[in-house]
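Below you'll find the structure, written out as structure tokens, and then a few comments.
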Amino acid sequence: MILMSLFEYEGNAIRAMLQDRFYALLLVSLSIAFTAIYLVLLPSLPNGAISLTFVRFITPIQIAFSIIFGLLLGLIITLNLSIRGIRNRAKSKNAAAGASAGAILGTFVNVLCCTPVVPSVVALFGASTPLVFGYSAPVEAFFENNYVYFYFVSAILFVVSIHYISKSAYCCTVKRDGKRGK
Amino acid sequence: MAHFNDKHRADRGGLGINEIKRHRISVSSMLIIAVVACCGVPLLLGIGGIGFFSFLAGQHSQTGAAQRALNATVGEPAPNIPITLTNGTTLNLSSFRGKPVVLWFVATWCSSCADSASLLANDGYYNKIHAKGAELITVELYDDLGYSGPSISAFADSYGGGTQNPGWLYGTSSLNATYSYDPKGYLDIYYVIDPKGVITNEGVGLAANLDAVVSSL
């Protein structure tokens with residue numbers, strides 16, 4: 001029941017959006033653009049610099065998630081634009097929170113290995129040199145070895161965001177007599 | 001107040017303002033909790049271990065104090081450290097006086113270290129460094145900073161074109177040597193040392209700074 005409800009809103013929203021050629025083209029353009037950004041960003045971040053040089057080190061998982069993130073982000077932005085003006089925009093803030101959290105998580109996790117971020121954060125907690133020495137590496141190793149799970153969580157956050165955008169447009173109309181209906 | 005709520009109730013598809021506020025807060029809170037849990041919990045677990053193992057500070061404090069006086073600093077003579085090469089011989093860093101040295105400390109499991117080694121081996125950077133008469137010494141951080149990875153020889157074979165390249169040495173360092181050159185526990189840190197043994201350049205993340213390193217030789 002929950003799954004049917006989930007796809008009902010999203011299906012309606014996407015179908016309505018794609019009927020307009022402008023939004024269909026916008027979706028394709030944004031998806032390609034964001035995919036390209038992620039293809040460069042994900043392998044670059046562990047090196048502490050963004051460069052095309054590092055794209056050759058991209059892993060198959062990062063390629064797959066670059067495409068997924070690109071598509072989902074493109075869908076979020078295009079859907080949001082296509083439903084502008086439709087009622088119940090109060091829920092769009094949840095969609096924005098989900099999209100932001102997903103975008104941050106998906107990219108930030110790659111910064112947490114191999115850059116000075118973790119050692120610096122650990123040092124901020126007043127750890128002496130030998131203790132920073134001993135604890136920052138295992139933390140970085142955790143993110144290095146488990147970044148895929150963070151990608152999954154990011155993708156879920158994007159999907160939740162799409163759900164809220166779709167639901168805000170296609171849920172619960174109000175009839176003239178003030179009673180809730182569909 | 002009741003009239004206000006009824007008017008806005010209709011606009012919001014039948015939900016009362018308090019219900020919407022609670023729903024909005026709970027969803028936002030869940031999202032924040034998800035992000036914090038995914039990133040913050042592992043970080044805090046690592047930091048929390050600091051308190052549990054704080055007694056180690058007593059063991060290391062004397063060594064740490066001694067080593068702080070020997071920390072590698074740009075503009076200062078490079079601390080002389082022993083490096084055990086992959087062929088089993090041990091050399092002191094001072095034995096390389098007379099030629100520039102790129103001293104690069106790595107954790108063999110770190111992805112940026114692997115990327116750097118690949119760029120050095122396959123993109124001509126090692127050749128450029130070698131052409132300038134410099135010695136490239138890749139040193140494994142002591143115990144890989146507490147997280148085991150492949151041996152430095154395996155690292156060299158996988159990413160750095162092996163251990164037989166002239167002018168590119170691989171080795172391991174002692175705990176004190178690692179403290180001297182990497183007091184903050186970075187995984188990928190390098191130093192450029194001039195022929196007189198003075199550090200002229202340092203940085204984190206060799207891959208992103210290869211051009212600068214070559215031009216500084």
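Order determines the names: the first chain of the structure tokens is A, the second B, and so forth; residues in each chain are numbered 1 upward, and ligands are numbered 1 upward as they are shown.
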DSSP-assigned strand (DSSP E or B) among segment 65-160 of chain B, expressed as a list in words: Pro77, Pro82, Ile83, Thr84, Leu85, Thr90, Leu91, Asn92, Val101, Val102, Leu103, Trp104, Phe105, Val106, Glu135, Leu136, Ile137, Thr138, Val139 and Glu140 of chain B
All residues 7 Å or closer to Asn92 of chain B, only C-alpha atoms, same chain fewer than 4 positions away omitted, as number ranges by chain: B: 80-83
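For the choices A:Leu26, A:Leu45, A:Met17, A:Leu73, the atom-to-atom distance to chain B is smallest for A:Leu45 when using only C-alpha atoms.
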Residue neighbourhood Gly74 of chain A, 7 Å, only C-alpha atoms, exclusion window fewer than 5 positions, as a PyMOL selection string: chain A and resi 27+30-31
What would the file look like if the residues just selected were written as a PDB file, in the first residue's frame with N, CA and C atoms?
ATOM      1  N   LEU A  27      14.962  18.341 -17.993  1.00  0.00           N
ATOM      2  CA  LEU A  27      15.340  17.160 -17.201  1.00  0.00           C
ATOM      3  C   LEU A  27      16.566  16.480 -17.804  1.00  0.00           C
ATOM      4  N   LEU A  30      19.717  18.833 -17.332  1.00  0.00           N
ATOM      5  CA  LEU A  30      20.189  18.889 -15.944  1.00  0.00           C
ATOM      6  C   LEU A  30      20.792  17.549 -15.513  1.00  0.00           C
ATOM      7  N   SER A  31      20.171  16.456 -15.935  1.00  0.00           N
ATOM      8  CA  SER A  31      20.701  15.138 -15.556  1.00  0.00           C
ATOM      9  C   SER A  31      22.094  14.939 -16.125  1.00  0.00           C
TER      10      SER A  31
END
Selection: 12 Å around Pro195 of chain B, only C-alpha atoms, excl. self and same-chain fewer than 3 positions, as number ranges by chain: B: 77-78, 93-102, 132-135, 192, 198-200, 217
DSSP helix (DSSP H, G or I) residues within segment 45-179 of chain B, listed as a ChimeraX atom specification: /B:45-52,56-68,93-96,111-122,125-131,142-146,152-159,175-179
Interatomic distance, atom CA of Ala95 of chain A to atom CA of Ile76 of chain A (Å, one decimal):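 Between these atoms lies a distance of 8.3 Å.
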Close residues, segment 57-61 of chain A itself excluded, 12 Å, only C-alpha atoms, min 6 positions apart in chain, as a PyMOL selection string: (chain A and resi 38-47+51+67-69+110+146-149+151-152) or (chain B and resi 111-119+159+207)
For Asn209 of chain B: contacts at 10 Å, only C-alpha atoms, fewer than 4 positions along chain excluded, given as a list of chain:residue names: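 Non-adjacent residues within range: A:Asn47, A:Gly48, A:Ala49, B:Ser116, B:Tyr190, B:Glu202, B:Gly203, B:Val204, B:Gly205, B:Val213, B:Val214.
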Can you spit out the residues from that selection as a PDB file, in the first residue's frame, using N, CA and C atoms?
ATOM      1  N   ASN A  47      41.608  13.394  -3.253  1.00  0.00           N
ATOM      2  CA  ASN A  47      42.900  14.003  -3.526  1.00  0.00           C
ATOM      3  C   ASN A  47      42.954  15.462  -3.104  1.00  0.00           C
ATOM      4  N   GLY A  48      41.859  15.975  -2.586  1.00  0.00           N
ATOM      5  CA  GLY A  48      41.850  17.334  -2.080  1.00  0.00           C
ATOM      6  C   GLY A  48      41.828  18.401  -3.152  1.00  0.00           C
ATOM      7  N   ALA A  49      41.584  18.021  -4.383  1.00  0.00           N
ATOM      8  CA  ALA A  49      41.522  19.001  -5.472  1.00  0.00           C
ATOM      9  C   ALA A  49      40.609  18.441  -6.553  1.00  0.00           C
TER      10      ALA A  49
ATOM     11  N   SER B 116      48.370   9.075  -6.551  1.00  0.00           N
ATOM     12  CA  SER B 116      49.631   9.809  -6.708  1.00  0.00           C
ATOM     13  C   SER B 116      50.699   8.914  -7.328  1.00  0.00           C
ATOM     14  N   TYR B 190      54.123  15.167   1.810  1.00  0.00           N
ATOM     15  CA  TYR B 190      55.426  15.140   1.123  1.00  0.00           C
ATOM     16  C   TYR B 190      56.263  16.340   1.526  1.00  0.00           C
ATOM     17  N   GLU B 202      56.603  21.753   1.411  1.00  0.00           N
ATOM     18  CA  GLU B 202      55.878  20.629   1.998  1.00  0.00           C
ATOM     19  C   GLU B 202      54.419  20.742   1.583  1.00  0.00           C
ATOM     20  N   GLY B 203      53.710  19.643   1.676  1.00  0.00           N
ATOM     21  CA  GLY B 203      52.295  19.709   1.313  1.00  0.00           C
ATOM     22  C   GLY B 203      51.587  18.401   1.595  1.00  0.00           C
ATOM     23  N   VAL B 204      50.287  18.448   1.495  1.00  0.00           N
ATOM     24  CA  VAL B 204      49.446  17.269   1.694  1.00  0.00           C
ATOM     25  C   VAL B 204      48.756  16.941   0.379  1.00  0.00           C
ATOM     26  N   GLY B 205      48.790  15.664   0.010  1.00  0.00           N
ATOM     27  CA  GLY B 205      48.165  15.272  -1.254  1.00  0.00           C
ATOM     28  C   GLY B 205      49.108  15.513  -2.415  1.00  0.00           C
ATOM     29  N   VAL B 213      55.634  20.516  -7.271  1.00  0.00           N
ATOM     30  CA  VAL B 213      56.810  19.815  -6.743  1.00  0.00           C
ATOM     31  C   VAL B 213      57.918  19.792  -7.802  1.00  0.00           C
ATOM     32  N   VAL B 214      57.555  19.451  -9.014  1.00  0.00           N
ATOM     33  CA  VAL B 214      58.566  19.374 -10.079  1.00  0.00           C
ATOM     34  C   VAL B 214      59.200  20.741 -10.313  1.00  0.00           C
TER      35      VAL B 214
END
For atom CA of Ala121 of chain B and atom CA of Ile137 of chain B, the interatomic separation in Å (one decimal): 13.3 Å
From A:Ile162, A:Val139, A:Ala155, A:Ile83, residue lying nearest chain B [only C-alpha atoms]: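 The answer is A:Val139, which sits nearest to chain B.
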Nearest-residue call for chain B, choices A:Ile165, A:Ala97, A:Val28, A:Ile77, using only C-alpha atoms: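 Answer, going by the shortest atom-to-atom distance: A:Ala97.
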From A:Asn12, A:Ser161, A:Ser166, A:Thr115, residue lying nearest chain B [only C-alpha atoms]: A:Thr115
Between atom CA of Asn201 of chain B and atom CA of Ala131 of chain B - distance in Å to one decimal: 18.9 Å
